[in-house]
Amino acid sequence: MGRLAITGNKRPLRGAVKISGAKNAAVAIIPAAILTAAPVKIENLPDIRDIQILIEILTSLGVRTSWEAGTLEIDASSMTEWKATYESVKKLRASYYLLGALIGRFGRAIVPAPGGCDLGPRPIDQHIKGLAALGARVDVEHGLIRAEAEHLVGADIYLDVVSVGATINIMLAAVRTEGKTIIENAAKEPEIVDVANFLNAMGANIRGAGTDVIKITGVNELGGVTHSVIPDRIEAGTYMIAAAATGGDVLLRDVIPKHMDPVVAKLREMGVTVDVADDEIRVIASDLPQAVDIKTFPYPGFPTDLQSQAMVLMTRASGSSIITENVFEGRFKHVDELKRMGARIKVEGRTALIEGSARLTGAPVCATDLRAGAAFIIAGLIAEGETVISNTEHIYRGYENICRKFGALGAIIKEID
Ligand code: EPZ
């Protein structure tokens, strides 16, 4: 169990940071590569634990892979295994994408049911609803999801819940399914568009990704492709919020500004200066941010994956603020740890009231999920004294070189044991 020590130096973060490829696009695009027997090359991948676990899993399924500095080459031509029961699948939240990819390739799949996590229950009923609509028989027994279909046929699917995972998973199963599939009430995240662009470059026929209606016309087979993953908007938002929280001046490189709209708008509302160029964003924060209310929503709303980081920023705001978590019930597990650092926060259901102008003091805290872990780094930067974060494997699941990147901006942060 690794730990990180952050010295609260109250020094503003200054400098430039290069944003890595998007974890939440990569963990879908890598399994999607098994939908073709042709060679696939994926570039701009972040070197993070979730990607390495996925490579292990594909290798266990007979896929030939080669990894070199953020580029992954995949050859699934000799793949025969459709049971992803390999032990490491359980470690990966996004293992459900193997379900859609294996069904899309073989018409059947066995994948361990994803466990719950610290965001509260993580049901996959909408994934199962979509796969069943395409003709798969899906059941869950002994902790395994089994899906089998004699014959997959396109269908109209109306999602009860706006779900990133279900939208992508259905897409993966449908691209080679004969007939037309329509996904309504689909999620609109940029990562979904990136997966659709990847699949279309392989010869798929997907229209409407990024809107709430996605139309897929099945094709017999897919070809190879070289694809570069989009920048990670959540990593970018994390550094933007860290710059604002420390009163810093930070330039983010390799971003897609359009994807940052909800974060840019909210920081500007707080009085933070945000300059946007074609693939760069500069955050210049001088005095204390003004208190604002934040409601998380599916894209293009304010991302739930930046909620804990924004909460830390609000502890420094002039005045009280309210954060409403509309996406995940139970995504306030970080509040108790922040209160141990001196934050004054009251939670009622999906709403948190944060008192501003709090004086945070360093303390030992435990990362409950990767975004809370990043939030504790920001809290450690603005607290007095030293903060030690445990369970840092959560953080390394989704943030590439986070110590090096924060260190280059002036943070005093180091890995211990
Ligand atoms: C994706 O998770 C992301 N993970 C999450 O990022 C992100 O927080 C989430 O989307 C929302 O943006 C990956 O992309 C790997 P959902 P996902 O299905 O797909 C409910 C991070 O920090 N729901 O959009 O699992 C669900 O309970 C991670 O990088 C159902 O009810 O999220 C939630 O309340 C954390 N039934 C809401 O929908 C289902 O079948 C949105 O979940 C599926 C979801």
# chains A, B, ... in the order shown; residues from 1 in each chain; ligands from 1
>>> residues_near_ligand(ligand="ligand 1", cutoff="9 Å", atoms="only C-alpha atoms and all ligand atoms", output="number ranges by chain")
A: 23-28, 92-97, 119-129, 159-168, 187, 189, 191-192, 234, 297-299, 303-306, 326-329, 369-372, 397-398
>>> residues_around(residues="Ala136 in chain A", least_positions_apart="2", cutoff="10 Å", atoms="only C-alpha atoms", output="JSON, numbers by chain")
{"A": [103, 107, 108, 109, 128, 129, 130, 131, 132, 133, 134, 138, 139, 146, 147, 148, 149, 150, 151, 152, 153, 173]}
>>> write_last_selection(atoms="N, CA, C and O atoms", output="compact mmCIF listing (two decimals), in the first residue's frame")
# COMPACT_ATOMS: atom_id res chain seq x y z
N ILE A 103 -18.80 -10.12 -26.82
CA ILE A 103 -20.07 -10.46 -27.49
C ILE A 103 -20.01 -9.98 -28.93
O ILE A 103 -20.38 -10.69 -29.87
N GLY A 107 -20.00 -13.38 -30.00
CA GLY A 107 -21.41 -13.68 -29.75
C GLY A 107 -21.64 -14.26 -28.37
O GLY A 107 -22.74 -14.66 -28.02
N ARG A 108 -20.59 -14.33 -27.57
CA ARG A 108 -20.76 -14.81 -26.19
C ARG A 108 -19.60 -14.28 -25.36
O ARG A 108 -18.57 -13.85 -25.88
N ALA A 109 -19.82 -14.33 -24.02
CA ALA A 109 -18.81 -13.76 -23.12
C ALA A 109 -19.06 -14.24 -21.70
O ALA A 109 -20.21 -14.47 -21.32
N ILE A 128 -26.96 -4.61 -19.22
CA ILE A 128 -27.61 -5.91 -19.45
C ILE A 128 -28.87 -5.72 -20.29
O ILE A 128 -29.13 -6.46 -21.24
N LYS A 129 -29.60 -4.63 -20.01
CA LYS A 129 -30.83 -4.33 -20.78
C LYS A 129 -30.48 -4.18 -22.26
O LYS A 129 -31.14 -4.72 -23.15
N GLY A 130 -29.40 -3.47 -22.55
CA GLY A 130 -29.01 -3.23 -23.94
C GLY A 130 -28.57 -4.50 -24.63
O GLY A 130 -28.98 -4.80 -25.76
N LEU A 131 -27.74 -5.31 -23.95
CA LEU A 131 -27.23 -6.54 -24.57
C LEU A 131 -28.37 -7.53 -24.79
O LEU A 131 -28.46 -8.20 -25.82
N ALA A 132 -29.31 -7.55 -23.84
CA ALA A 132 -30.47 -8.45 -23.99
C ALA A 132 -31.33 -8.00 -25.17
O ALA A 132 -31.82 -8.82 -25.95
N ALA A 133 -31.45 -6.69 -25.35
CA ALA A 133 -32.26 -6.17 -26.47
C ALA A 133 -31.67 -6.61 -27.82
O ALA A 133 -32.39 -6.81 -28.80
N LEU A 134 -30.36 -6.82 -27.84
CA LEU A 134 -29.70 -7.24 -29.09
C LEU A 134 -29.83 -8.75 -29.30
O LEU A 134 -29.39 -9.29 -30.32
N VAL A 138 -28.43 -12.94 -20.87
CA VAL A 138 -27.42 -12.48 -19.90
C VAL A 138 -27.86 -12.90 -18.50
O VAL A 138 -28.99 -12.63 -18.11
N ASP A 139 -26.96 -13.62 -17.79
CA ASP A 139 -27.28 -13.81 -16.38
C ASP A 139 -26.01 -13.70 -15.55
O ASP A 139 -24.90 -13.77 -16.06
N ARG A 146 -22.57 -14.00 -17.53
CA ARG A 146 -22.52 -14.86 -18.71
C ARG A 146 -23.47 -14.31 -19.75
O ARG A 146 -24.61 -14.01 -19.43
N ALA A 147 -22.97 -14.16 -20.97
CA ALA A 147 -23.84 -13.65 -22.05
C ALA A 147 -23.66 -14.56 -23.25
O ALA A 147 -22.54 -14.93 -23.59
N GLU A 148 -24.76 -14.94 -23.86
CA GLU A 148 -24.70 -15.88 -24.98
C GLU A 148 -25.78 -15.47 -25.99
O GLU A 148 -26.89 -15.09 -25.57
N ALA A 149 -25.43 -15.51 -27.28
CA ALA A 149 -26.48 -15.17 -28.26
C ALA A 149 -26.29 -16.06 -29.47
O ALA A 149 -25.19 -16.12 -30.03
N GLU A 150 -27.33 -16.78 -29.87
CA GLU A 150 -27.22 -17.52 -31.13
C GLU A 150 -27.09 -16.49 -32.27
O GLU A 150 -26.29 -16.62 -33.16
N HIS A 151 -27.93 -15.47 -32.14
CA HIS A 151 -27.99 -14.54 -33.27
C HIS A 151 -28.28 -13.13 -32.73
O HIS A 151 -29.32 -12.91 -32.14
N LEU A 152 -27.34 -12.22 -32.93
CA LEU A 152 -27.56 -10.84 -32.48
C LEU A 152 -28.25 -10.06 -33.59
O LEU A 152 -27.89 -10.20 -34.77
N VAL A 153 -29.25 -9.26 -33.22
CA VAL A 153 -29.95 -8.44 -34.20
C VAL A 153 -30.12 -7.03 -33.65
O VAL A 153 -30.40 -6.85 -32.46
N ALA A 173 -21.07 -3.96 -28.69
CA ALA A 173 -21.79 -5.19 -29.07
C ALA A 173 -22.52 -5.03 -30.39
O ALA A 173 -22.74 -5.99 -31.12
>>> select_by_dssp(residues="range 219-349 of chain A", states="strand (DSSP E)", output="JSON, numbers by chain")
{"A": [225, 226, 227, 228, 249, 250, 251, 252, 253, 273, 274, 275, 276, 280, 281, 282, 283, 284, 294, 295, 296, 321, 322, 323, 324, 325, 345, 346, 347, 348]}
>>> residues_around(residues="Leu4 in chain A", least_positions_apart="4", cutoff="6 Å", atoms="only C-alpha atoms", output="ChimeraX atom specification")
/A:388-389,414-416
>>> closest_residue(among="A:Ser390, A:Thr351, A:Thr36, A:Ser308", to="Thr324 in chain A", atoms="only C-alpha atoms")
A:Thr351
>>> residues_around(residues="Asp254 in chain A", least_positions_apart="3", cutoff="8 Å", atoms="only C-alpha atoms", output="count of residues only")
6
>>> residues_around(residues="range 75-82 of chain A", least_positions_apart="2", cutoff="6 Å", atoms="only C-alpha atoms", output="ChimeraX atom specification")
/A:34,37,39,61-64,109
>>> atom_distance(atom1="CA of Met260 in chain A", atom2="CA of Ala285 in chain A")
17.1 Å
>>> closest_residue(among="A:Met341, A:Ile55, A:Ala277, A:Ile110", to="Glu73 in chain A", atoms="only C-alpha atoms")
A:Ile55
>>> closest_residue(among="A:Leu144, A:Ala201, A:Ala236, A:Leu222", to="Leu35 in chain A", atoms="only C-alpha atoms")
A:Leu222
>>> select_by_dssp(residues="range 169-372 of chain A", states="alpha helix (DSSP H)", output="NGL selection string")
:A and (169-174 or 190-201 or 233-245 or 261-269 or 307-314 or 334-340 or 370-372)
>>> atom_distance(atom1="CA of Glu87 in chain A", atom2="CA of Ile51 in chain A")
15.4 Å
>>> closest_residue(among="A:Ile42, A:Leu13, A:Ile170, A:Ile53", to="Glu68 in chain A", atoms="only C-alpha atoms")
A:Ile42
>>> closest_residue(among="A:Ala358, A:Leu199, A:Val274, A:Ala209", to="Gly223 in chain A", atoms="only C-alpha atoms")
A:Leu199
>>> closest_residue(among="A:Leu381, A:Asp47, A:Glu56, A:Val263", to="Asn401 in chain A", atoms="only C-alpha atoms")
A:Asp47
>>> decode(residues="range 129-145 of chain A", atoms="all heavy atoms", output="tab-separated table (two decimals), in the first residue's frame")
chain	number	residue	atom	x	y	z
A	129	LYS	N	-29.60	-4.63	-20.01
A	129	LYS	CA	-30.83	-4.33	-20.78
A	129	LYS	C	-30.48	-4.18	-22.26
A	129	LYS	O	-31.14	-4.72	-23.15
A	129	LYS	CB	-31.45	-3.04	-20.25
A	129	LYS	CG	-32.56	-2.47	-21.12
A	129	LYS	CD	-33.12	-1.19	-20.53
A	129	LYS	CE	-34.19	-0.60	-21.45
A	129	LYS	NZ	-34.82	0.60	-20.85
A	130	GLY	N	-29.40	-3.47	-22.55
A	130	GLY	CA	-29.01	-3.23	-23.94
A	130	GLY	C	-28.57	-4.50	-24.63
A	130	GLY	O	-28.98	-4.80	-25.76
A	131	LEU	N	-27.74	-5.31	-23.95
A	131	LEU	CA	-27.23	-6.54	-24.57
A	131	LEU	C	-28.37	-7.53	-24.79
A	131	LEU	O	-28.46	-8.20	-25.82
A	131	LEU	CB	-26.14	-7.16	-23.68
A	131	LEU	CG	-24.91	-6.27	-23.46
A	131	LEU	CD1	-23.91	-6.95	-22.53
A	131	LEU	CD2	-24.23	-5.90	-24.78
A	132	ALA	N	-29.31	-7.55	-23.84
A	132	ALA	CA	-30.47	-8.45	-23.99
A	132	ALA	C	-31.33	-8.00	-25.17
A	132	ALA	O	-31.82	-8.82	-25.95
A	132	ALA	CB	-31.28	-8.46	-22.69
A	133	ALA	N	-31.45	-6.69	-25.35
A	133	ALA	CA	-32.26	-6.17	-26.47
A	133	ALA	C	-31.67	-6.61	-27.82
A	133	ALA	O	-32.39	-6.81	-28.80
A	133	ALA	CB	-32.31	-4.64	-26.41
A	134	LEU	N	-30.36	-6.82	-27.84
A	134	LEU	CA	-29.70	-7.24	-29.09
A	134	LEU	C	-29.83	-8.75	-29.30
A	134	LEU	O	-29.39	-9.29	-30.32
A	134	LEU	CB	-28.21	-6.85	-29.06
A	134	LEU	CG	-27.91	-5.35	-29.04
A	134	LEU	CD1	-26.42	-5.11	-28.88
A	134	LEU	CD2	-28.43	-4.66	-30.31
A	135	GLY	N	-30.40	-9.44	-28.29
A	135	GLY	CA	-30.61	-10.88	-28.45
A	135	GLY	C	-29.74	-11.75	-27.58
A	135	GLY	O	-29.77	-12.98	-27.70
A	136	ALA	N	-28.95	-11.13	-26.70
A	136	ALA	CA	-28.09	-11.95	-25.84
A	136	ALA	C	-28.88	-12.39	-24.60
A	136	ALA	O	-29.70	-11.64	-24.09
A	136	ALA	CB	-26.87	-11.14	-25.41
A	137	ARG	N	-28.61	-13.64	-24.17
A	137	ARG	CA	-29.14	-14.08	-22.88
A	137	ARG	C	-28.06	-13.77	-21.85
A	137	ARG	O	-26.92	-14.21	-21.99
A	137	ARG	CB	-29.39	-15.61	-22.90
A	137	ARG	CG	-30.80	-16.03	-23.29
A	137	ARG	CD	-31.00	-17.54	-23.08
A	137	ARG	NE	-29.77	-18.31	-23.24
A	137	ARG	CZ	-29.21	-18.57	-24.44
A	137	ARG	NH1	-29.78	-18.09	-25.54
A	137	ARG	NH2	-28.09	-19.26	-24.55
A	138	VAL	N	-28.43	-12.94	-20.87
A	138	VAL	CA	-27.42	-12.48	-19.90
A	138	VAL	C	-27.86	-12.90	-18.50
A	138	VAL	O	-28.99	-12.63	-18.11
A	138	VAL	CB	-27.25	-10.95	-19.96
A	138	VAL	CG1	-26.07	-10.52	-19.08
A	138	VAL	CG2	-27.04	-10.47	-21.39
A	139	ASP	N	-26.96	-13.62	-17.79
A	139	ASP	CA	-27.28	-13.81	-16.38
A	139	ASP	C	-26.01	-13.70	-15.55
A	139	ASP	O	-24.90	-13.77	-16.06
A	139	ASP	CB	-27.99	-15.15	-16.14
A	139	ASP	CG	-27.23	-16.29	-16.80
A	139	ASP	OD1	-25.97	-16.24	-16.76
A	139	ASP	OD2	-27.85	-17.18	-17.39
A	140	VAL	N	-26.22	-13.47	-14.26
A	140	VAL	CA	-25.10	-13.28	-13.35
A	140	VAL	C	-25.16	-14.40	-12.31
A	140	VAL	O	-26.17	-14.56	-11.65
A	140	VAL	CB	-25.17	-11.91	-12.63
A	140	VAL	CG1	-23.94	-11.70	-11.75
A	140	VAL	CG2	-25.28	-10.79	-13.66
A	141	GLU	N	-24.13	-15.23	-12.28
A	141	GLU	CA	-24.10	-16.27	-11.25
A	141	GLU	C	-22.66	-16.50	-10.81
A	141	GLU	O	-21.71	-16.37	-11.59
A	141	GLU	CB	-24.72	-17.58	-11.77
A	141	GLU	CG	-24.11	-18.07	-13.06
A	141	GLU	CD	-24.85	-19.30	-13.60
A	141	GLU	OE1	-25.98	-19.55	-13.16
A	141	GLU	OE2	-24.26	-19.99	-14.45
A	142	HIS	N	-22.54	-16.83	-9.55
A	142	HIS	CA	-21.21	-17.04	-8.94
A	142	HIS	C	-20.27	-15.86	-9.23
A	142	HIS	O	-19.09	-16.04	-9.49
A	142	HIS	CB	-20.57	-18.33	-9.49
A	142	HIS	CG	-21.48	-19.52	-9.41
A	142	HIS	ND1	-22.04	-19.96	-8.23
A	142	HIS	CD2	-22.00	-20.33	-10.38
A	142	HIS	CE1	-22.83	-21.01	-8.48
A	142	HIS	NE2	-22.82	-21.25	-9.76
A	143	GLY	N	-20.85	-14.65	-9.29
A	143	GLY	CA	-20.00	-13.46	-9.48
A	143	GLY	C	-19.54	-13.29	-10.91
A	143	GLY	O	-18.68	-12.44	-11.20
A	144	LEU	N	-20.10	-14.10	-11.82
A	144	LEU	CA	-19.71	-13.99	-13.24
A	144	LEU	C	-20.91	-13.55	-14.06
A	144	LEU	O	-22.02	-13.99	-13.82
A	144	LEU	CB	-19.21	-15.34	-13.78
A	144	LEU	CG	-17.94	-15.91	-13.15
A	144	LEU	CD1	-17.69	-17.31	-13.68
A	144	LEU	CD2	-16.75	-14.99	-13.45
A	145	ILE	N	-20.67	-12.68	-15.03
A	145	ILE	CA	-21.72	-12.32	-15.99
A	145	ILE	C	-21.53	-13.23	-17.21
A	145	ILE	O	-20.45	-13.27	-17.79
A	145	ILE	CB	-21.59	-10.86	-16.46
A	145	ILE	CG1	-21.53	-9.91	-15.29
A	145	ILE	CG2	-22.77	-10.50	-17.37
A	145	ILE	CD1	-21.19	-8.48	-15.70
